[in-house]
Amino acid sequence: METRWSTRGASGSSLKVLGTSRTAKQLQNPTSDYLHKNREAWEAGLPAHVGLDAPKDIPTFIAIGGGKGGVGKSLLSANVAAKLGQAGFKVLLVDLDLGSANLHTYFGLGMPKKSLADFILYNRSPFKDILLPTSAPGVLLAAGGKDESWSDTTDFGSGAFVGLWDAMLYAKKNFNINVVILDLGAGTHRHTIDFFCSAHMGVITVLPEPTSIENAYSFLKATMWRLIENAGMHCNSCAAADEIKDQLFNPQKARKGGSHMRKLKLLHKQYPELIDHIFYALKGRQIGFVVNQIRSQRDIDIGNSMESVSRNYFGFLTRSLGYMNYDDAAWKSLRNRRLLVLDFPHCILTKRMSEVAANMLGSLGY
Amino acid sequence: MDQQEKAYKVASTASGKEDSPIVKDYYEVLNVEKDASFKEIREAFFRLKNTYNSNNQALYSLLEEDDLEESIEDINEAYAILSNAESRVNYDRELVDAKIATESQVRHDITVDMPTTKSQSIGGQRSGGTANSTWTHEQHIDLGFVKEIEGAHSFHEEVSRGKEKRGSYHDVNAGFLASPRRRYGLGNNAARKAIAPAALQTDIQEKVSELIADGDLGDGNLYKRIRQLVGVSKEEMQDHIKVSIGYIDHLEENRFDLLPQPVYVKGFLKSYLRFLGISACDHLIKAYAERLNDWIEKKSS
Ligand SMILES: Nc1ncnc2c1ncn2[C@@H]1O[C@H](COP(=O)(O)OP(=O)(O)O)[C@@H](O)[C@H]1O
Ligand SMILES: [Mg+2]
């Protein structure tokens, strides 16, 4: 498989893609050998309801999560999606902040008539009907739907998402979607962590302040917990997985101190096959960090530090993807009912979005 | 899925014997390749020292004080051992032995490298502006690695060309339970010096560059100042480059009459500068050698 490059249009007119300074080329049929090679490692960490019989050719999943509300997850999702769209990717943006869905607002849309609620809850729309074109070329949106729709469904089982996963996994085959971006809600709800674990790359947005950093790590711990559980299920050794989880998370049973990585290595003697599988699953996904609202170089460095600290602590493949400045253009574009990167293509925040998008692609082997 | 394929081996899993101690993978601790140059090791060390420090917000809530101390200890230990050519060779051998032992247990060893190629598709810098990424990929360890080590790293060659008194590995390693530093043949003194507090500032590289830009390159005193700035003592320098403190003094104080032949001085200055993390050092060496030759010419005439 090879990535081909070409400029769009017979005239050879160049598009400015993902950056303002460079005349860029557009990807056609972008593929990643890296993801292809790591398919099995990625599958090793999936929850039971994901990818049971996924096709060979699937889109790349990027989940944006971590932290509380208002840290910039949706802003990032929408604008990175647009940047990838400009680069020639076919992007599906899925608003999974069910109950406080607002991704459509970033595109200047009102609550769309058809949404995930119609597909998942009411079973009255086929998947293709809820894929809405947006102002950003190449980007389709699956909106979350009215918040009330989800109000008494907070504790439903993962089974509810089987159909959604099937549809998303087949989105490459059916709709030629290359990348699916999952915009997750705040907190560490089970479904949120499931989506995060299931992505090829999970992106955590943090603000440079202790509360937000603490949230990010809780989120990673929850991710680790779930990956161990998933690995246990894959290896048919759920009891051993429970034991390992206890050793890592249960304050009564866990040995004090030491990183998860170290504890896992120590447990290798006891559960060689399962621990190997956990490591394998860890290597099948990436965790990226984006620091929002930076004020200084020190704030920017937080992303780099989190990259190396969480790699050592959890054993995740981590990557600092960049940062975002505070920019008035963000609210101005919302007020103009236009997407930031389209409304202010030259503002500093747009530039940051390009960098993040570029780093994501690089990390994922595109 | 093929079980063998699934077996992902951890770098530091215990070797075959039931109760053999785990060989810590110091390369993993510093997050560098097995064939990392000294400069890379030093840079990784500074970066990690900067990260694992109690003032760093990014550690908030994740690491307890004990964990933090332990991480710092690991980092120091790794640096102490890998930055000394002799102890590194000893350590590498032990690591290879441990790998071979595990290798026979786990036949297939899947590496899942992250892509290292930088994406070219996209305008804008990679890695947001100043973000100096610690992007490295997992080192695949297979038997090919043994060859690599047997082929010796350039840094090793460079240094061990000097006076060599590499004790028998087994002597050094006799007490397996002794401290790693001793185990790999590294005096405690050198180890402690290797992590002198002055060396912990990140902007050192910058200051060094400034010194070089403004300094008189033919003056030994400049090199002394760089050495002090980087936080390396004469003793540590002696341990690393295998040149006696006396010669280090003579070089730094421009006592040309007491220095050996220029050709030796050049080699010695090169190791000296490399150890301080200055790899583009040819013009410095040239300047010093010129000064030395001038002096010799003047003396003979
Ligand atoms: N870097 C930034 N500069 C300016 N405004 C921002 C920035 N990041 C986020 N915002 C604003 O903060 C609000 C919350 O962001 P949002 O992405 O919706 O958060 P989340 O999805 O994490 O809950 C939005 O109004 C958004 O425009
Ligand atoms: Mg949101």
# chains A, B, ... in the order shown; residues from 1 in each chain; ligands from 1
call {"tool": "residues_near_ligand", "arguments": {"ligand": "ligand 1", "cutoff": "6 Å", "atoms": "only C-alpha atoms and all ligand atoms", "output": "number ranges by chain"}}
result
A: 69-75, 292-293, 324-328, 330-331
call {"tool": "write_last_selection", "arguments": {"atoms": "N, CA, C and O atoms", "output": "JSON list (two decimals), in the first residue's frame"}}
result
[["chain", "number", "residue", "atom", "x", "y", "z"],
["A", 69, "GLY", "N", -15.99, 19.24, 31.11],
["A", 69, "GLY", "CA", -16.58, 19.98, 30.01],
["A", 69, "GLY", "C", -15.89, 21.32, 29.84],
["A", 69, "GLY", "O", -15.31, 21.86, 30.78],
["A", 70, "GLY", "N", -15.90, 21.81, 28.64],
["A", 70, "GLY", "CA", -15.38, 23.16, 28.41],
["A", 70, "GLY", "C", -13.89, 23.24, 28.19],
["A", 70, "GLY", "O", -13.34, 24.34, 28.10],
["A", 71, "VAL", "N", -13.18, 22.11, 28.10],
["A", 71, "VAL", "CA", -11.73, 22.18, 27.88],
["A", 71, "VAL", "C", -11.37, 22.31, 26.40],
["A", 71, "VAL", "O", -10.21, 22.49, 26.07],
["A", 72, "GLY", "N", -12.36, 22.22, 25.54],
["A", 72, "GLY", "CA", -12.07, 22.44, 24.12],
["A", 72, "GLY", "C", -12.15, 21.19, 23.26],
["A", 72, "GLY", "O", -11.68, 21.20, 22.11],
["A", 73, "LYS", "N", -12.75, 20.14, 23.77],
["A", 73, "LYS", "CA", -12.83, 18.89, 23.00],
["A", 73, "LYS", "C", -13.58, 19.09, 21.68],
["A", 73, "LYS", "O", -13.12, 18.67, 20.62],
["A", 74, "SER", "N", -14.74, 19.73, 21.77],
["A", 74, "SER", "CA", -15.56, 19.87, 20.57],
["A", 74, "SER", "C", -14.95, 20.86, 19.59],
["A", 74, "SER", "O", -14.96, 20.63, 18.38],
["A", 75, "LEU", "N", -14.41, 21.93, 20.13],
["A", 75, "LEU", "CA", -13.73, 22.90, 19.27],
["A", 75, "LEU", "C", -12.62, 22.22, 18.48],
["A", 75, "LEU", "O", -12.48, 22.39, 17.26],
["A", 292, "ASN", "N", -4.62, 23.09, 25.93],
["A", 292, "ASN", "CA", -5.43, 24.22, 25.46],
["A", 292, "ASN", "C", -5.21, 25.43, 26.36],
["A", 292, "ASN", "O", -4.84, 25.29, 27.51],
["A", 293, "GLN", "N", -5.46, 26.60, 25.82],
["A", 293, "GLN", "CA", -5.38, 27.86, 26.57],
["A", 293, "GLN", "C", -4.00, 28.07, 27.20],
["A", 293, "GLN", "O", -3.91, 28.43, 28.36],
["A", 324, "MET", "N", -3.01, 24.76, 21.98],
["A", 324, "MET", "CA", -3.89, 25.80, 21.43],
["A", 324, "MET", "C", -3.78, 27.06, 22.27],
["A", 324, "MET", "O", -3.81, 27.00, 23.49],
["A", 325, "ASN", "N", -3.66, 28.17, 21.61],
["A", 325, "ASN", "CA", -3.67, 29.46, 22.31],
["A", 325, "ASN", "C", -5.11, 29.88, 22.54],
["A", 325, "ASN", "O", -6.01, 29.47, 21.81],
["A", 326, "TYR", "N", -5.30, 30.74, 23.52],
["A", 326, "TYR", "CA", -6.61, 31.36, 23.63],
["A", 326, "TYR", "C", -6.74, 32.32, 22.45],
["A", 326, "TYR", "O", -5.81, 33.04, 22.12],
["A", 327, "ASP", "N", -7.87, 32.30, 21.81],
["A", 327, "ASP", "CA", -8.04, 33.15, 20.64],
["A", 327, "ASP", "C", -9.48, 33.64, 20.55],
["A", 327, "ASP", "O", -10.42, 32.83, 20.56],
["A", 328, "ASP", "N", -9.64, 34.95, 20.50],
["A", 328, "ASP", "CA", -11.00, 35.52, 20.37],
["A", 328, "ASP", "C", -11.71, 35.01, 19.13],
["A", 328, "ASP", "O", -12.94, 35.01, 19.06],
["A", 330, "ALA", "N", -12.24, 32.22, 18.30],
["A", 330, "ALA", "CA", -13.09, 31.07, 18.62],
["A", 330, "ALA", "C", -14.54, 31.51, 18.84],
["A", 330, "ALA", "O", -15.47, 30.97, 18.24],
["A", 331, "TRP", "N", -14.73, 32.51, 19.69],
["A", 331, "TRP", "CA", -16.12, 32.92, 19.93],
["A", 331, "TRP", "C", -16.67, 33.77, 18.79],
["A", 331, "TRP", "O", -17.86, 33.74, 18.49]]
call {"tool": "select_by_dssp", "arguments": {"residues": "stretch 158-332 of chain A", "states": "strand (DSSP E)", "output": "PDB file with C-alpha atoms, in the first residue's frame"}}
result
ATOM      1  CA  VAL A 179     -11.226   8.926   9.366  1.00  0.00           C
ATOM      2  CA  VAL A 180     -13.878   8.840  12.059  1.00  0.00           C
ATOM      3  CA  ILE A 181     -13.509  11.427  14.788  1.00  0.00           C
ATOM      4  CA  LEU A 182     -15.388  10.692  17.985  1.00  0.00           C
ATOM      5  CA  ASP A 183     -16.139  13.778  20.073  1.00  0.00           C
ATOM      6  CA  LEU A 184     -16.648  12.414  23.577  1.00  0.00           C
ATOM      7  CA  MET A 201      -5.687   7.247  18.743  1.00  0.00           C
ATOM      8  CA  GLY A 202      -7.225   8.668  21.879  1.00  0.00           C
ATOM      9  CA  VAL A 203      -6.626  12.368  22.308  1.00  0.00           C
ATOM     10  CA  ILE A 204      -6.751  14.019  25.702  1.00  0.00           C
ATOM     11  CA  THR A 205      -7.344  17.735  25.913  1.00  0.00           C
ATOM     12  CA  VAL A 206      -5.999  19.409  29.026  1.00  0.00           C
ATOM     13  CA  GLN A 286      -1.911   5.686  20.818  1.00  0.00           C
ATOM     14  CA  ILE A 287      -2.639   8.416  23.312  1.00  0.00           C
ATOM     15  CA  GLY A 288      -2.151  12.010  22.237  1.00  0.00           C
ATOM     16  CA  PHE A 289      -2.112  15.166  24.335  1.00  0.00           C
ATOM     17  CA  VAL A 290      -3.212  18.646  23.402  1.00  0.00           C
ATOM     18  CA  VAL A 291      -2.812  21.524  25.848  1.00  0.00           C
ATOM     19  CA  ASN A 292      -5.430  24.221  25.457  1.00  0.00           C
ATOM     20  CA  GLN A 293      -5.381  27.861  26.571  1.00  0.00           C
ATOM     21  CA  ILE A 294      -1.621  28.000  26.975  1.00  0.00           C
ATOM     22  CA  LEU A 317       2.336   4.871  23.238  1.00  0.00           C
ATOM     23  CA  THR A 318       2.001   8.563  23.824  1.00  0.00           C
ATOM     24  CA  ARG A 319       2.458  11.635  21.756  1.00  0.00           C
ATOM     25  CA  SER A 320       2.313  15.315  22.463  1.00  0.00           C
ATOM     26  CA  LEU A 321       0.264  16.599  19.541  1.00  0.00           C
ATOM     27  CA  GLY A 322       0.502  20.307  20.097  1.00  0.00           C
ATOM     28  CA  TYR A 323      -1.302  23.081  21.873  1.00  0.00           C
ATOM     29  CA  MET A 324      -3.892  25.798  21.432  1.00  0.00           C
ATOM     30  CA  ASN A 325      -3.673  29.456  22.306  1.00  0.00           C
TER      31      ASN A 325
END
call {"tool": "closest_residue", "arguments": {"among": "B:Leu62, B:Leu30, B:Ala36, B:Ile226", "to": "chain A", "atoms": "only C-alpha atoms"}}
result
B:Leu62
call {"tool": "residues_near_ligand", "arguments": {"ligand": "ligand 2", "cutoff": "12 Å", "atoms": "only C-alpha atoms and all ligand atoms", "output": "ChimeraX atom specification"}}
result
/A:64-78,94-106,143-144,182-187,205
call {"tool": "closest_atom_pairs", "arguments": {"of": "chain A", "to": "chain B", "cutoff": "6 Å", "atoms": "only C-alpha atoms", "output": "tab-separated table"}}
result
residue	atom	partner	partner_atom	distance
A:Leu18	CA	B:Gly123	CA	5.4
A:Gly19	CA	B:Gly123	CA	4.4
A:Arg22	CA	B:Gly123	CA	5.2
A:Glu214	CA	B:Ser61	CA	5.6
A:Gly257	CA	B:Asp67	CA	5.9
A:Gly258	CA	B:Asp67	CA	5.6
A:Asp276	CA	B:Tyr8	CA	5.2
A:Tyr280	CA	B:Tyr8	CA	5.5
A:Ile302	CA	B:Ala58	CA	5.4
A:Ser305	CA	B:Thr51	CA	5.6
A:Met306	CA	B:Ala58	CA	5.8
A:Gly322	CA	B:Gly128	CA	4.4
A:Glu355	CA	B:Gly124	CA	5.8
A:Ala358	CA	B:Ile122	CA	5.6
A:Asn359	CA	B:Arg126	CA	5.8
A:Gly362	CA	B:Ser119	CA	4.4
A:Gly365	CA	B:Pro115	CA	5.2
call {"tool": "write_last_selection", "arguments": {"atoms": "C-alpha atoms", "output": "PDB file, in the first residue's frame"}}
result
ATOM      1  CA  LEU A  18      -3.401  22.395   6.765  1.00  0.00           C
ATOM      2  CA  GLY A  19      -1.219  25.373   6.951  1.00  0.00           C
ATOM      3  CA  ARG A  22       2.929  25.904   2.259  1.00  0.00           C
ATOM      4  CA  GLU A 214      -5.692  15.333  37.470  1.00  0.00           C
ATOM      5  CA  GLY A 257       3.664   3.000  45.074  1.00  0.00           C
ATOM      6  CA  GLY A 258       5.114   2.193  41.711  1.00  0.00           C
ATOM      7  CA  ASP A 276       1.650 -10.116  27.334  1.00  0.00           C
ATOM      8  CA  TYR A 280       0.152  -6.054  23.101  1.00  0.00           C
ATOM      9  CA  ILE A 302       3.076  20.215  29.971  1.00  0.00           C
ATOM     10  CA  SER A 305       5.931  16.070  30.063  1.00  0.00           C
ATOM     11  CA  MET A 306       2.615  14.269  30.041  1.00  0.00           C
ATOM     12  CA  GLY A 322       0.502  20.307  20.097  1.00  0.00           C
ATOM     13  CA  GLU A 355      -0.298  21.471  13.587  1.00  0.00           C
ATOM     14  CA  ALA A 358      -0.530  17.170  10.980  1.00  0.00           C
ATOM     15  CA  ASN A 359       0.899  15.559  14.081  1.00  0.00           C
ATOM     16  CA  GLY A 362       2.273  11.689  11.268  1.00  0.00           C
ATOM     17  CA  GLY A 365       1.625   6.684   9.823  1.00  0.00           C
TER      18      GLY A 365
END
